[in-house]
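Working notes, structure below.
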Amino acid sequence: MRLRGHGVLSNVSSLLLCGLLAGVVVAAATFPALAMSGLSAKAGADHFEGLPTTFDVLPSPQISYVYASDGTTLLAMMYDENRRDVPITDVAPVMAQAIVAAEDTRFYQHHGVDLKGVARAFVNNQNGGDQQGASTLTMQYVRQVSAYSARTPQEVVEATDKTPGRKVREMKLAIALEKKLSKEQILERYLNISSFGHGAYGIFAASHVYFDKDPKDLTLPEAALIAGLVKAPTTNDPATAEGLPRALDRQKYVLGQMVTMGYITRQQADEAAATELTIVGRRAPEGCEAVQRPDLGAGFMCDYLRRWWLEQPAFGADAYERQNKLRSGGYTIISSMSVQAQAAAFKYAQNQPGAGDSVKMGDSEAVMLAAIEPGTGRVQALATNRNFSNDQTHNGPSTNPSKKGQKGNYPNTTVPLITGGPEIPGYQAGSSFKIFSAVAALEAGLPLSHTENVQKQFMSDYPVDPSSPTACNGAHYCPKNSGDQAGDFNMWQSFGMSLNTYFVPLQQKVGAEKVVDVAQRLGIQFRSANDAKLAADAHLWGAFTLGVSDTTPLDLANAYATLAADGTYCAPTPIVEIRDLNGNKIDAGGPQCKQVVDPDVARAAVDMARCPVGDQSAFNACPDGGTAAGVHGQVDRPVAGKTGTTDSEKSATFVVMAKQLAVAGIVTDPDNPQTNKTMSHPVINNAVAHTLKDALAGVPAVNFTPPSHAKAFGG
């Protein structure tokens, strides 16, 4: 059917096009002259000469691949367009032949513009035949790369609008391009930029989407089928019932063209056409909700990496630009996720060994685990007994009375449950915060042997609401121990037995503001408005040492990891290495570390922290028993750590560290941390201990460095 949409203007433009082609004769001595009036030809030639011969070639969108720390375990693919450029040497020769046969049989004869094809199309279009474009493979590439490189909406229109003017620009640019690039280079770029339908951009994606193989392994019938898709990738989609017959018809056409060009024999074409193909038709999974290793619960680590990326200035001025780079930049990202550590954390978040039949976990309780490497800040594992998903529409109702009618976090949730975020400040971690008072005291010159007269109840100088159950003698903050311990106890003993009435007076002695400062230096963040307000003027924050501030498993693990690294704090990072599309290393995500505590002080704190977990200090100073005395035997290597419990056991916390890894866990109701339910220490203790053990299986044990005699005993 003849198209009449442009009327007279279309005819004038077509005449101009012929004139422009005549101008090419003068400009490039490439084509024989077309029979036209001299004035029209000259005007067309002059206009043609004035067109640009260069254009921007920005990289087309590429898949970014995220791997585990081993560099080989694929975790996720991030992309807007499923594409990964490959050299033509990695493409089966028959595929290159098929695309030429399908799209441009004179590719190796012309110099960017096929005059015979243009003349044929012009005559056909003027005489009412089906509209023909006569675009060479080079011109098609120019059009596609111009669209991808457009920086403004107007440039997009100019690159894609179906006008003679656009066609003329393509001709000029195609001629110029063929002077710069070889035919093989142009063909390689064409194969990498073209759309093949079903979410596949470029030959690498097409090979995998349709046949689950690399392009170098494509057979003749497969290559002919794929080559036939470029003309109408949506209509001819062989992965759909409607598109398959059309794709097979187009395959036969391509095979026939290959016979005509001498690439194959008629017998080979017939055999290829008769070959029954298995079309996979599987779109490449994209993003954190489609991770390659759901068996590891890797979605949480993926989500952590994605959120981290969006905060990095190295990848753009704002979150939008950074996300665009992640999804189109073709990065190879080696994440910090250890397959071994993540497998352990995910396993024990789901199933707590040794918790006993009496421990019943409901849907509201979340076991949240984080593991981080001391000395680098590399986050090796993040896990919880939830599914990673951004879709919470089918979750049950929130258990928080103040959020009645809202969805809860079970069974689907995202990584801030473990790492914190704007709406999740964290959870109270109880006595695990006592280590910050110990560090502040050691910095103030008090040794581990420092004793306090521990009382069953201690009346502090800190004020408290008189109606509080912790108040006595008016408005004094008066904590008690969970047991009846009383008498003189040193720091080793008090930390091992978790004596509240040792650490509150110790904090009072060195200053609560000094204790809060230690916590901040070790990476504890105050995300809630109330905590931030108290931290800003912490002198009277009497209960801080008992862990009344919200925190997260990740922050807590990193605080203890800082001490295991002899006082070197490293900002948590999900990255081992990032390389761009060309293999260049990107300076982002590497360890960002600084000394925040004197090494001798850190070693003394670690020596003290061996007492709660059944290990023994370098000075044989730990008392028998401890709040988690069986852990040393479970892990079977030097360990240090601390349990923590909030009032009425609304949450239970445990953090344990070896020299090479720190693991922290909290069990509570994240919807409602002020729950009336009692949380079980066996649940979190076993989950954390077994995670550490399995994560370090096969890794040689390393002992902690003992502190100096002065930090242990003074003098």
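The way I read the labels, and the way they are meant: chains A, B, ... in the order of the structure tokens, residue 1 as the first residue of every chain, and ligand 1 as the first ligand shown, with later ones counted on from there.
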
Segment 528-576 of chain A near segment 410-430 of chain A within 12 Å: what's each residue's closest atom pair and its distance in Å to one decimal, counting only C-alpha atoms, ordered by chain then ascending residue number, as JSON lines?
{"residue": "A:Ser528", "atom": "CA", "partner": "A:Pro425", "partner_atom": "CA", "distance": 5.4}
{"residue": "A:Ala529", "atom": "CA", "partner": "A:Pro425", "partner_atom": "CA", "distance": 9.1}
{"residue": "A:Asn530", "atom": "CA", "partner": "A:Pro425", "partner_atom": "CA", "distance": 10.5}
{"residue": "A:Asp531", "atom": "CA", "partner": "A:Pro425", "partner_atom": "CA", "distance": 9.4}
{"residue": "A:Ala532", "atom": "CA", "partner": "A:Pro425", "partner_atom": "CA", "distance": 10.6}
{"residue": "A:Ala543", "atom": "CA", "partner": "A:Gly430", "partner_atom": "CA", "distance": 9.8}
{"residue": "A:Phe544", "atom": "CA", "partner": "A:Gly430", "partner_atom": "CA", "distance": 9.1}
{"residue": "A:Thr545", "atom": "CA", "partner": "A:Gly430", "partner_atom": "CA", "distance": 8.2}
{"residue": "A:Leu546", "atom": "CA", "partner": "A:Gly430", "partner_atom": "CA", "distance": 5.3}
{"residue": "A:Gly547", "atom": "CA", "partner": "A:Gly430", "partner_atom": "CA", "distance": 3.9}
{"residue": "A:Val548", "atom": "CA", "partner": "A:Gln428", "partner_atom": "CA", "distance": 5.3}
{"residue": "A:Ser549", "atom": "CA", "partner": "A:Gln428", "partner_atom": "CA", "distance": 5.5}
{"residue": "A:Asp550", "atom": "CA", "partner": "A:Tyr427", "partner_atom": "CA", "distance": 4.4}
{"residue": "A:Thr551", "atom": "CA", "partner": "A:Gly426", "partner_atom": "CA", "distance": 4.5}
{"residue": "A:Thr552", "atom": "CA", "partner": "A:Gly426", "partner_atom": "CA", "distance": 4.9}
{"residue": "A:Pro553", "atom": "CA", "partner": "A:Ile418", "partner_atom": "CA", "distance": 6.0}
{"residue": "A:Leu554", "atom": "CA", "partner": "A:Thr419", "partner_atom": "CA", "distance": 5.5}
{"residue": "A:Asp555", "atom": "CA", "partner": "A:Thr419", "partner_atom": "CA", "distance": 7.3}
{"residue": "A:Leu556", "atom": "CA", "partner": "A:Ala429", "partner_atom": "CA", "distance": 8.4}
{"residue": "A:Ala557", "atom": "CA", "partner": "A:Thr419", "partner_atom": "CA", "distance": 10.6}
{"residue": "A:Asn558", "atom": "CA", "partner": "A:Thr419", "partner_atom": "CA", "distance": 11.2}
{"residue": "A:Pro572", "atom": "CA", "partner": "A:Thr419", "partner_atom": "CA", "distance": 10.3}
{"residue": "A:Thr573", "atom": "CA", "partner": "A:Thr419", "partner_atom": "CA", "distance": 11.8}

Generate a file of the selected residues that holds N, CA and C atoms, formatted as a tab-separated table (two decimals), in the first residue's frame.
chain	number	residue	atom	x	y	z
A	528	SER	N	17.20	6.97	66.13
A	528	SER	CA	15.93	7.53	66.60
A	528	SER	C	16.16	8.93	67.14
A	529	ALA	N	15.15	9.77	67.01
A	529	ALA	CA	15.27	11.16	67.44
A	529	ALA	C	15.57	11.24	68.94
A	530	ASN	N	14.95	10.38	69.73
A	530	ASN	CA	15.15	10.42	71.17
A	530	ASN	C	16.58	10.02	71.53
A	531	ASP	N	17.10	8.96	70.89
A	531	ASP	CA	18.47	8.54	71.17
A	531	ASP	C	19.46	9.62	70.76
A	532	ALA	N	19.22	10.23	69.61
A	532	ALA	CA	20.12	11.28	69.14
A	532	ALA	C	20.13	12.46	70.10
A	543	ALA	N	21.28	5.01	82.01
A	543	ALA	CA	21.02	3.62	81.60
A	543	ALA	C	21.74	3.24	80.31
A	544	PHE	N	22.54	4.17	79.75
A	544	PHE	CA	23.15	3.87	78.45
A	544	PHE	C	24.00	2.61	78.50
A	545	THR	N	24.77	2.42	79.54
A	545	THR	CA	25.67	1.27	79.61
A	545	THR	C	24.92	-0.06	79.63
A	546	LEU	N	23.63	-0.03	79.94
A	546	LEU	CA	22.83	-1.25	79.97
A	546	LEU	C	22.09	-1.49	78.65
A	547	GLY	N	22.42	-0.71	77.63
A	547	GLY	CA	21.93	-0.99	76.29
A	547	GLY	C	20.50	-0.60	76.03
A	548	VAL	N	20.10	0.60	76.47
A	548	VAL	CA	18.74	1.06	76.22
A	548	VAL	C	18.61	1.81	74.90
A	549	SER	N	19.73	2.05	74.23
A	549	SER	CA	19.71	2.71	72.93
A	549	SER	C	19.47	1.69	71.83
A	550	ASP	N	18.76	2.12	70.80
A	550	ASP	CA	18.52	1.23	69.67
A	550	ASP	C	19.80	1.04	68.85
A	551	THR	N	20.00	-0.18	68.38
A	551	THR	CA	21.11	-0.47	67.48
A	551	THR	C	20.69	-1.59	66.55
A	552	THR	N	21.59	-2.00	65.69
A	552	THR	CA	21.28	-3.07	64.73
A	552	THR	C	22.34	-4.16	64.84
A	553	PRO	N	22.04	-5.36	64.36
A	553	PRO	CA	23.07	-6.40	64.36
A	553	PRO	C	24.34	-5.99	63.63
A	554	LEU	N	24.20	-5.23	62.53
A	554	LEU	CA	25.39	-4.85	61.77
A	554	LEU	C	26.25	-3.86	62.55
A	555	ASP	N	25.64	-2.84	63.13
A	555	ASP	CA	26.41	-1.87	63.91
A	555	ASP	C	27.08	-2.54	65.10
A	556	LEU	N	26.36	-3.43	65.76
A	556	LEU	CA	26.90	-4.08	66.94
A	556	LEU	C	28.07	-5.01	66.56
A	557	ALA	N	27.91	-5.76	65.48
A	557	ALA	CA	28.99	-6.63	65.03
A	557	ALA	C	30.22	-5.82	64.69
A	558	ASN	N	30.03	-4.66	64.06
A	558	ASN	CA	31.19	-3.85	63.67
A	558	ASN	C	31.85	-3.19	64.87
A	572	PRO	N	31.52	-0.14	57.43
A	572	PRO	CA	30.98	-1.35	56.77
A	572	PRO	C	30.89	-1.16	55.27
A	573	THR	N	31.29	-2.16	54.53
A	573	THR	CA	31.23	-2.09	53.06
A	573	THR	C	30.80	-3.43	52.50

How close does each residue of segment 544-588 of chain A get to segment 697-713 of chain A, giving the shortest atom pair and distance in Å to one decimal for every residue with an atom at most 12 Å away, counting only C-alpha atoms, sorted by chain and residue number, as a tab-separated table?
residue	atom	partner	partner_atom	distance
A:Leu563	CA	A:Phe704	CA	10.4
A:Ala564	CA	A:Phe704	CA	7.7
A:Ala565	CA	A:Phe704	CA	9.5
A:Asp566	CA	A:Thr705	CA	8.5

Now that the selection is made, can you save its residues with N, CA, C and O atoms as a short mmCIF file (atom, residue, chain, number, x, y, z; two decimals), in the first residue's frame?
data_model
loop_
_atom_site.label_atom_id
_atom_site.label_comp_id
_atom_site.auth_asym_id
_atom_site.auth_seq_id
_atom_site.Cartn_x
_atom_site.Cartn_y
_atom_site.Cartn_z
N LEU A 563 37.19 -3.69 67.97
CA LEU A 563 38.06 -4.09 69.08
C LEU A 563 38.91 -5.30 68.69
O LEU A 563 40.10 -5.37 69.03
N ALA A 564 38.32 -6.24 67.95
CA ALA A 564 39.09 -7.40 67.49
C ALA A 564 40.22 -6.97 66.56
O ALA A 564 41.25 -7.66 66.47
N ALA A 565 40.04 -5.83 65.86
CA ALA A 565 41.07 -5.30 64.97
C ALA A 565 41.99 -4.33 65.70
O ALA A 565 42.57 -3.43 65.08
N ASP A 566 42.14 -4.52 67.01
CA ASP A 566 43.04 -3.70 67.83
C ASP A 566 42.69 -2.22 67.77
O ASP A 566 43.56 -1.35 67.72
#

Legend entry - Point-to-point distance in Å for atom CA of Ser336 of chain A and atom CA of Leu382 of chain A: 10.9 Å

Legend entry - Filtered DSSP result for segment 348-495 of chain A, state helix (DSSP H, G or I), as a PyMOL selection string: chain A and resi 348-350+401-403+416-419+430-443+491-495

Check the DSSP output for the backbone and give back, as a short mmCIF file (atom, residue, chain, number, x, y, z; two decimals) with N, CA and C atoms, in the first residue's frame, the residues of segment 283-522 of chain A in strand (DSSP E).
data_model
loop_
_atom_site.label_atom_id
_atom_site.label_comp_id
_atom_site.auth_asym_id
_atom_site.auth_seq_id
_atom_site.Cartn_x
_atom_site.Cartn_y
_atom_site.Cartn_z
N THR A 332 31.60 -5.10 36.86
CA THR A 332 31.81 -6.40 37.49
C THR A 332 32.08 -6.11 38.96
N ILE A 333 31.16 -6.53 39.82
CA ILE A 333 31.22 -6.18 41.24
C ILE A 333 31.49 -7.44 42.06
N ILE A 334 32.63 -7.46 42.72
CA ILE A 334 32.93 -8.54 43.64
C ILE A 334 32.48 -8.07 45.02
N SER A 335 31.40 -8.65 45.50
CA SER A 335 30.85 -8.23 46.78
C SER A 335 31.64 -8.86 47.92
N ALA A 366 11.81 -12.19 64.92
CA ALA A 366 12.79 -12.19 63.84
C ALA A 366 14.17 -12.46 64.42
N VAL A 367 14.85 -13.46 63.87
CA VAL A 367 16.24 -13.72 64.21
C VAL A 367 17.07 -12.99 63.16
N MET A 368 17.80 -11.96 63.58
CA MET A 368 18.53 -11.09 62.64
C MET A 368 20.02 -11.20 62.90
N LEU A 369 20.78 -11.55 61.87
CA LEU A 369 22.21 -11.83 62.01
C LEU A 369 23.03 -10.99 61.04
N ALA A 370 24.20 -10.58 61.49
CA ALA A 370 25.15 -9.86 60.64
C ALA A 370 26.55 -10.32 60.98
N ALA A 371 27.38 -10.49 59.96
CA ALA A 371 28.78 -10.90 60.15
C ALA A 371 29.68 -9.94 59.39
N ILE A 372 30.77 -9.50 60.03
CA ILE A 372 31.66 -8.52 59.43
C ILE A 372 33.10 -8.86 59.75
N VAL A 379 31.34 -6.71 54.95
CA VAL A 379 30.17 -7.41 55.49
C VAL A 379 30.08 -8.76 54.78
N GLN A 380 30.21 -9.83 55.54
CA GLN A 380 30.25 -11.16 54.94
C GLN A 380 28.89 -11.84 54.91
N ALA A 381 27.96 -11.42 55.77
CA ALA A 381 26.66 -12.10 55.80
C ALA A 381 25.62 -11.20 56.44
N LEU A 382 24.41 -11.27 55.92
CA LEU A 382 23.23 -10.64 56.50
C LEU A 382 22.07 -11.61 56.31
N ALA A 383 21.38 -11.94 57.38
CA ALA A 383 20.31 -12.94 57.26
C ALA A 383 19.25 -12.73 58.32
N THR A 384 18.05 -13.18 58.00
CA THR A 384 16.96 -13.21 58.96
C THR A 384 15.98 -14.28 58.53
N ASN A 387 11.67 -13.78 54.04
CA ASN A 387 12.00 -13.76 52.62
C ASN A 387 12.41 -12.34 52.24
N PHE A 388 13.44 -12.22 51.40
CA PHE A 388 13.73 -10.89 50.88
C PHE A 388 12.75 -10.56 49.77
N ASN A 412 7.68 -11.27 54.24
CA ASN A 412 8.59 -10.58 53.32
C ASN A 412 9.12 -9.31 53.94
N THR A 413 10.40 -9.05 53.71
CA THR A 413 11.01 -7.84 54.26
C THR A 413 12.25 -7.50 53.45
N TYR A 427 17.10 -1.89 67.62
CA TYR A 427 16.51 -2.59 68.75
C TYR A 427 17.47 -2.48 69.93
N GLN A 428 16.92 -2.50 71.14
CA GLN A 428 17.77 -2.44 72.32
C GLN A 428 18.60 -3.72 72.45
N GLU A 452 34.90 -2.75 91.99
CA GLU A 452 33.79 -1.97 92.53
C GLU A 452 33.08 -2.84 93.55
N ASN A 453 32.57 -2.17 94.56
CA ASN A 453 31.77 -2.89 95.55
C ASN A 453 30.36 -3.06 94.98
N VAL A 454 30.13 -4.23 94.39
CA VAL A 454 28.87 -4.51 93.71
C VAL A 454 27.77 -4.73 94.73
N ALA A 471 13.47 3.49 89.61
CA ALA A 471 13.69 4.63 90.51
C ALA A 471 13.70 4.16 91.97
N CYS A 472 14.51 4.84 92.77
CA CYS A 472 14.48 4.64 94.22
C CYS A 472 14.86 5.95 94.90
N HIS A 476 16.13 8.89 91.81
CA HIS A 476 17.45 8.35 91.47
C HIS A 476 17.30 7.09 90.62
N TYR A 477 18.18 6.97 89.62
CA TYR A 477 18.21 5.75 88.82
C TYR A 477 18.91 4.68 89.63
N GLY A 487 29.38 -7.75 96.52
CA GLY A 487 30.76 -7.87 96.95
C GLY A 487 31.69 -7.18 95.99
N ASP A 488 32.98 -7.39 96.16
CA ASP A 488 33.98 -6.75 95.32
C ASP A 488 34.23 -7.60 94.07
N PHE A 489 34.06 -6.96 92.92
CA PHE A 489 34.27 -7.64 91.64
C PHE A 489 35.11 -6.75 90.73
#
